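Before any comments, here is the structure.
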Amino acid sequence: MPIVNRVADLQPDIQAWRRDIHQHPELLYDVHRTAAFVADRLKEFGCDEIVTGIGKTGVVGVIKGRKPANGGLKVIGLRADMDALPIEEETDLPYASKTPGKMHACGHDGHTAMLLGAARYLAETRNFAGTAVVIFHPAEKGGAGAPAMIKDGVIGRFGLEQGSG
């Protein structure tokens, strides 16, 4: 099955994950439900390693490709943010926030769901060389979640290289 078709087949699951996360928004580092949801999915997908609690409530999944990394890129990191905003949702959507005063108005529910879809595809196929590291971080909205994860060693521990930008 071509890549495009397989990824398209994942759309209903990705949509369901997004809607679930959207209904249960959490702020800053208080993303315990979301982090558990992410870790559970990564376990279901068969990631080689799953680490929780990096940067307080961040989650990292490691997926090793079938092919060895011969020179070139050995490890690639893909990241998404998990936190919502302190905003009251005023929609009539069937999957509207169930948490008063909190809403995924910034799209992080979509970021998380899309990265879960990528992780599922990568873990299923492993049709790549090297290692893919999927990083789900808290507190992107004003809480310095990415620096907290870096301070906790996410770069060195998983063989990533810190970029300049």
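Convention: chains lettered A, B, ... in structure tokens order; per-chain residue numbering from 1; ligands numbered from 1 as shown.
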
Write down as an NGL selection string the residues of chain A whose backbone DSSP state falls under helix (DSSP H, G or I). :A and (3-9 or 11-23 or 32-45 or 108-125 or 145-151 or 154-157)

Pick out the residues sitting within 10 Å of Asp13 in chain A, and hand them over as a ChimeraX atom specification; count only C-alpha atoms, and ignore anything fewer than 3 positions along from it in its own chain. /A:9-10,16-19,113-114,116-117

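By chain and then residue number, the residues within 10 Å of Thr131 in chain A are Asp48, Val62, Ile63, Lys64, Gly65, Arg66, Lys67, Pro68, Ala69, Leu73, Lys74, Val75, Ile76, Gly77, Leu122, Arg126, Phe128, Ala129, Val133, Val134, Phe158, Gly159 and Leu160 of chain A, counting only C-alpha atoms and disregarding those fewer than 2 positions away in sequence.
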
Could you name the residues that touch range 138-148 of chain A at 12 Å or less, counting only C-alpha atoms, but leaving out those on the same chain fewer than 4 positions away, as a PyMOL selection string? chain A and resi 25-35+38+52-60+79-86+104-109+111-112+152-155+162

As a ChimeraX atom specification, list the residues of chain A assigned to strand (DSSP E) by DSSP on the backbone atoms of this structure. /A:49-54,58-64,75-81,131-137

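Going from CA of Ala119 in chain A to CA of Asp40 in chain A covers 12.4 Å.
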
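Using only C-alpha atoms for every distance, the candidate list A:Gly130, A:Glu124, A:Gly71, A:Phe136 yields A:Glu124 as the residue closest to Cys47 in chain A.
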